[in-house]
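Student: Dropping in work.tsv, which is TSV, C-alpha atoms:
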```tsv
chain	number	residue	atom	x	y	z
F	1	MET	CA	0.00	0.00	0.00
F	2	GLU	CA	1.32	3.40	-0.94
F	3	LEU	CA	1.78	6.01	1.76
F	4	THR	CA	-0.31	8.61	-0.06
F	5	SER	CA	-3.10	6.34	-1.29
F	6	THR	CA	-6.71	6.70	-0.21
F	7	THR	CA	-6.80	2.97	0.50
F	8	PHE	CA	-4.11	3.36	3.16
F	9	LEU	CA	-5.98	6.24	4.83
F	10	VAL	CA	-9.28	4.32	4.85
F	11	THR	CA	-7.52	1.24	6.26
F	12	LEU	CA	-6.06	3.32	9.09
F	13	ILE	CA	-9.48	4.80	9.86
F	14	VAL	CA	-11.03	1.31	10.03
F	15	VAL	CA	-8.21	0.07	12.29
F	16	THR	CA	-8.72	3.09	14.57
F	17	VAL	CA	-12.46	2.44	14.86
F	18	LEU	CA	-11.83	-1.24	15.58
F	19	ALA	CA	-9.26	-0.36	18.26
F	20	VAL	CA	-11.73	1.95	20.00
F	21	LEU	CA	-14.52	-0.65	19.81
F	22	ALA	CA	-12.19	-3.34	21.14
F	23	ALA	CA	-11.19	-1.10	24.05
F	24	LEU	CA	-14.84	-0.39	24.87
F	25	LEU	CA	-15.88	-4.04	24.69
F	26	LEU	CA	-12.87	-5.52	26.50
F	27	TRP	CA	-12.42	-2.85	29.20
F	28	ASN	CA	-14.18	-4.79	32.00
F	29	ARG	CA	-13.63	-8.27	30.56
F	30	ILE	CA	-9.89	-8.49	31.11
F	31	PRO	CA	-9.28	-11.40	33.52
F	32	GLY	CA	-6.80	-11.42	36.34
F	33	PRO	CA	-5.82	-9.24	39.26
F	34	GLY	CA	-5.73	-5.45	39.15
F	35	TRP	CA	-1.98	-5.24	38.59
F	36	VAL	CA	-2.51	-7.15	35.32
F	37	ARG	CA	-5.67	-5.34	34.18
F	38	TRP	CA	-4.39	-1.77	34.50
F	39	PRO	CA	-1.33	-2.17	32.25
F	40	LEU	CA	-3.50	-3.92	29.64
F	41	ARG	CA	-6.03	-1.08	29.80
F	42	LEU	CA	-3.23	1.45	29.36
F	43	LEU	CA	-2.00	-0.57	26.38
F	44	MET	CA	-5.49	-0.44	24.82
F	45	ILE	CA	-5.66	3.36	25.34
F	46	GLY	CA	-2.17	3.70	23.85
F	47	LEU	CA	-3.19	1.66	20.79
F	48	CYS	CA	-6.25	3.88	20.26
F	49	GLN	CA	-4.11	7.01	20.53
F	50	LEU	CA	-1.43	5.64	18.20
F	51	THR	CA	-3.90	4.71	15.48
F	52	ALA	CA	-5.65	8.10	15.74
F	53	ILE	CA	-2.32	9.92	15.43
F	54	CYS	CA	-1.46	7.81	12.37
F	55	VAL	CA	-4.77	8.76	10.74
F	56	VAL	CA	-4.16	12.47	11.29
F	57	ALA	CA	-0.52	12.26	10.17
F	58	THR	CA	-1.50	10.38	7.00
F	59	TRP	CA	-4.25	12.91	6.22
F	60	ILE	CA	-1.83	15.84	6.69
F	61	ASN	CA	0.78	14.12	4.53
F	62	GLY	CA	-1.78	13.54	1.79
F	63	SER	CA	-2.93	17.15	1.93
F	64	TYR	CA	0.49	18.79	1.92
F	65	GLY	CA	2.61	16.19	0.16
F	66	LEU	CA	5.33	16.09	2.82
F	67	TYR	CA	6.46	12.53	2.01
F	68	SER	CA	5.87	10.91	-1.36
F	69	SER	CA	6.69	7.29	-0.46
F	70	TRP	CA	7.67	4.97	2.36
F	71	GLU	CA	11.33	5.34	1.33
F	72	ASP	CA	11.01	9.10	1.59
F	73	LEU	CA	9.40	8.81	5.05
F	74	LEU	CA	11.97	6.35	6.38
F	75	GLY	CA	14.93	8.17	4.83
F	76	THR	CA	16.22	5.29	2.75
F	77	ASP	CA	17.86	6.15	-0.55
F	78	ALA	CA	16.53	3.11	-2.41
F	79	GLY	CA	14.57	4.45	-5.36
F	80	GLN	CA	15.18	8.07	-4.40
F	81	GLU	CA	17.23	8.85	-7.50
F	82	ALA	CA	14.76	7.17	-9.83
F	83	GLY	CA	11.84	9.23	-8.58
F	84	ALA	CA	13.75	12.49	-8.32
F	85	MET	CA	12.78	15.25	-10.67
F	86	THR	CA	15.37	16.68	-12.99
F	87	GLY	CA	16.37	20.28	-13.29
F	88	VAL	CA	19.43	22.46	-13.43
F	89	PRO	CA	21.59	22.65	-10.30
F	90	VAL	CA	21.11	25.64	-8.03
F	91	GLY	CA	24.31	27.38	-9.14
F	92	ARG	CA	23.19	27.46	-12.77
F	93	ALA	CA	19.59	28.59	-12.36
F	94	ARG	CA	18.66	31.33	-14.83
F	95	PHE	CA	15.77	33.65	-14.07
F	96	THR	CA	13.48	34.99	-16.77
F	97	GLN	CA	11.72	38.32	-16.35
F	98	ASN	CA	7.93	38.29	-16.58
F	99	GLY	CA	5.75	41.29	-17.35
F	100	ASP	CA	4.13	41.38	-13.90
F	101	GLY	CA	7.32	42.05	-11.95
F	102	THR	CA	8.10	38.41	-11.20
F	103	ARG	CA	11.04	36.30	-12.23
F	104	THR	CA	10.82	32.55	-12.72
F	105	THR	CA	13.27	29.69	-12.92
F	106	PHE	CA	13.27	25.92	-12.68
F	107	PHE	CA	15.94	24.12	-10.69
F	108	ARG	CA	16.73	21.04	-8.63
F	109	GLY	CA	17.86	21.04	-4.99
F	110	SER	CA	21.29	19.48	-4.52
F	111	HIS	CA	20.44	17.75	-1.22
F	112	SER	CA	16.70	17.15	-1.48
F	113	LYS	CA	16.77	16.07	-5.13
F	114	LEU	CA	13.43	17.84	-5.55
F	115	ALA	CA	12.84	20.11	-8.50
F	116	GLY	CA	10.27	22.65	-9.40
F	117	GLN	CA	9.45	26.08	-10.67
F	118	VAL	CA	10.42	28.99	-8.45
F	119	VAL	CA	8.70	32.35	-8.75
F	120	VAL	CA	10.32	35.40	-7.19
F	121	TRP	CA	8.63	38.78	-6.94
F	122	THR	CA	10.92	41.75	-7.22
F	123	PRO	CA	9.82	45.33	-6.58
F	124	ARG	CA	10.02	47.90	-9.31
F	125	SER	CA	13.44	49.17	-10.09
F	126	THR	CA	14.44	52.06	-7.90
F	127	ALA	CA	16.98	53.45	-10.33
F	128	PRO	CA	17.76	57.10	-9.66
F	129	ARG	CA	15.90	59.54	-11.83
F	130	ALA	CA	17.80	61.98	-13.99
F	131	ARG	CA	18.05	65.37	-12.32
F	132	THR	CA	17.94	68.60	-14.15
F	133	ALA	CA	20.55	71.19	-13.32
F	134	ARG	CA	19.18	74.32	-11.77
F	135	ALA	CA	20.95	77.57	-11.64
F	136	SER	CA	21.47	78.93	-8.19
F	137	PRO	CA	20.44	82.49	-7.60
F	138	CYS	CA	23.72	84.23	-6.85
```
Translate the structure of the given file into structure tokens.

Tutor:
Amino acid sequence: MELTSTTFLVTLIVVTVLAVLAALLLWNRIPGPGWVRWPLRLLMIGLCQLTAICVVATWINGSYGLYSSWEDLLGTDAGQEAGAMTGVPVGRARFTQNGDGTRTTFFRGSHSKLAGQVVVWTPRSTAPRARTARASPC
């Protein structure tokens, strides 16, 4: 299952609901003395919290595109180069002037291996205006 797939998110939601239902149904049915029941109850609460956090983290990742794959999330380099976008290195990026005061370029990050279009807004030129010579009244 892919990290950003809807199937993965739905599976996590179902697992979270099942963990909550299991905690509700098994809360008073855990056999044994109190010193055994309380750690098991804490474990059930922890499992519910963990699955809920995973659902939220997966939803945020899908919305903002923070990690594109399991390899990206875990930091392994396997397959990183194959999925990396191409572009010119940062040192050779050339900006083109647009008519609306923005400049655009396309380049690839040397460490992240991500590439994309960059738009930079620059204020109007503040070049000095030509002054006219005035005669002083002497």

Student: Find, counting only C-alpha atoms, the residue in F:Thr51, F:Ser112, F:Thr16, F:Asn98 that gets nearest to Gly75 of chain F.

Tutor: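 Among the listed residues, the smallest separation from Gly75 of chain F belongs to F:Ser112.
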
Student: Skip segment 11-14 of chain F itself and residues of its chain fewer than 6 positions away, then list as a ChimeraX atom specification all residues within 8 Å of it, counting only C-alpha atoms.

Tutor: /F:51-52,54-55

Student: I'd like to know which of F:Asn28, F:Ala57, F:Pro33, F:Leu50 is closest to Leu3 of chain F, using all atoms listed in the file.

Tutor: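 Using all atoms listed in the file, the shortest distance to Leu3 of chain F belongs to F:Ala57.
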
Student: Could you check how far atom CA of Leu47 of chain F sits from atom CA of Leu74 of chain F, in Å to one decimal?

Tutor: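 Separation of atom CA of Leu47 of chain F and atom CA of Leu74 of chain F: 21.4 Å.
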
Student: Choose the residue, out of F:Trp59, F:Phe106, F:Tyr67, F:Trp121, that has the smallest atom-to-atom separation from Thr6 of chain F; count all atoms listed in the file.

Tutor: F:Trp59

Student: Please check which residues have atoms at most 10 Å from (10.1, 26.0, -7.4) in the file's coordinates, counting only C-alpha atoms, and write them as a ChimeraX atom specification.

Tutor: /F:104-109,114-120

Student: Go through F:Arg29, F:Leu40, F:Ser5, F:Ala23 and flag the residue nearest Gly65 of chain F, using only C-alpha atoms for the distances.

Tutor: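 Comparing F:Arg29, F:Leu40, F:Ser5, F:Ala23 against Gly65 of chain F, the winner is F:Ser5.
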
Student: Can you list, as a list of chain:residue names, every protein, DNA or RNA residue that comes within 10 Å of Ser68 of chain F when you count all atoms listed in the file, leaving out same-chain residues fewer than 5 positions away?

Tutor: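 Listing them by chain and then by number gives F:Glu2, F:Leu3, F:Thr4, F:Asn61, F:Gly62, F:Leu73, F:Gly83.
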
Student: Please measure the separation of atom CA of Ala19 of chain F and atom CA of Val36 of chain F, giving the value in Å to one decimal.

Tutor: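 Answer for the atom CA of Ala19 of chain F to atom CA of Val36 of chain F separation: 19.6 Å.
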
Student: Pick out the closest residue to Thr102 of chain F from this set: F:Pro123, F:Pro31, F:Met44, F:Thr58. Count all atoms listed in the file.

Tutor: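 So, comparing all the options, the nearest one is F:Pro123.
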
Student: Mind giving me the straight-line distance from atom CA of Arg41 of chain F to atom CA of Val17 of chain F in Å, one decimal?

Tutor: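 Going from atom CA of Arg41 of chain F over to atom CA of Val17 of chain F, I get 16.6 Å.
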
Student: Ranking F:Thr96, F:Gln49, F:Leu26, F:Ile60 by minimum distance to Leu9 of chain F and counting all atoms listed in the file, which one comes first?

Tutor: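 Of F:Thr96, F:Gln49, F:Leu26, F:Ile60, the one nearest Leu9 of chain F, counting all atoms listed in the file, is F:Ile60.
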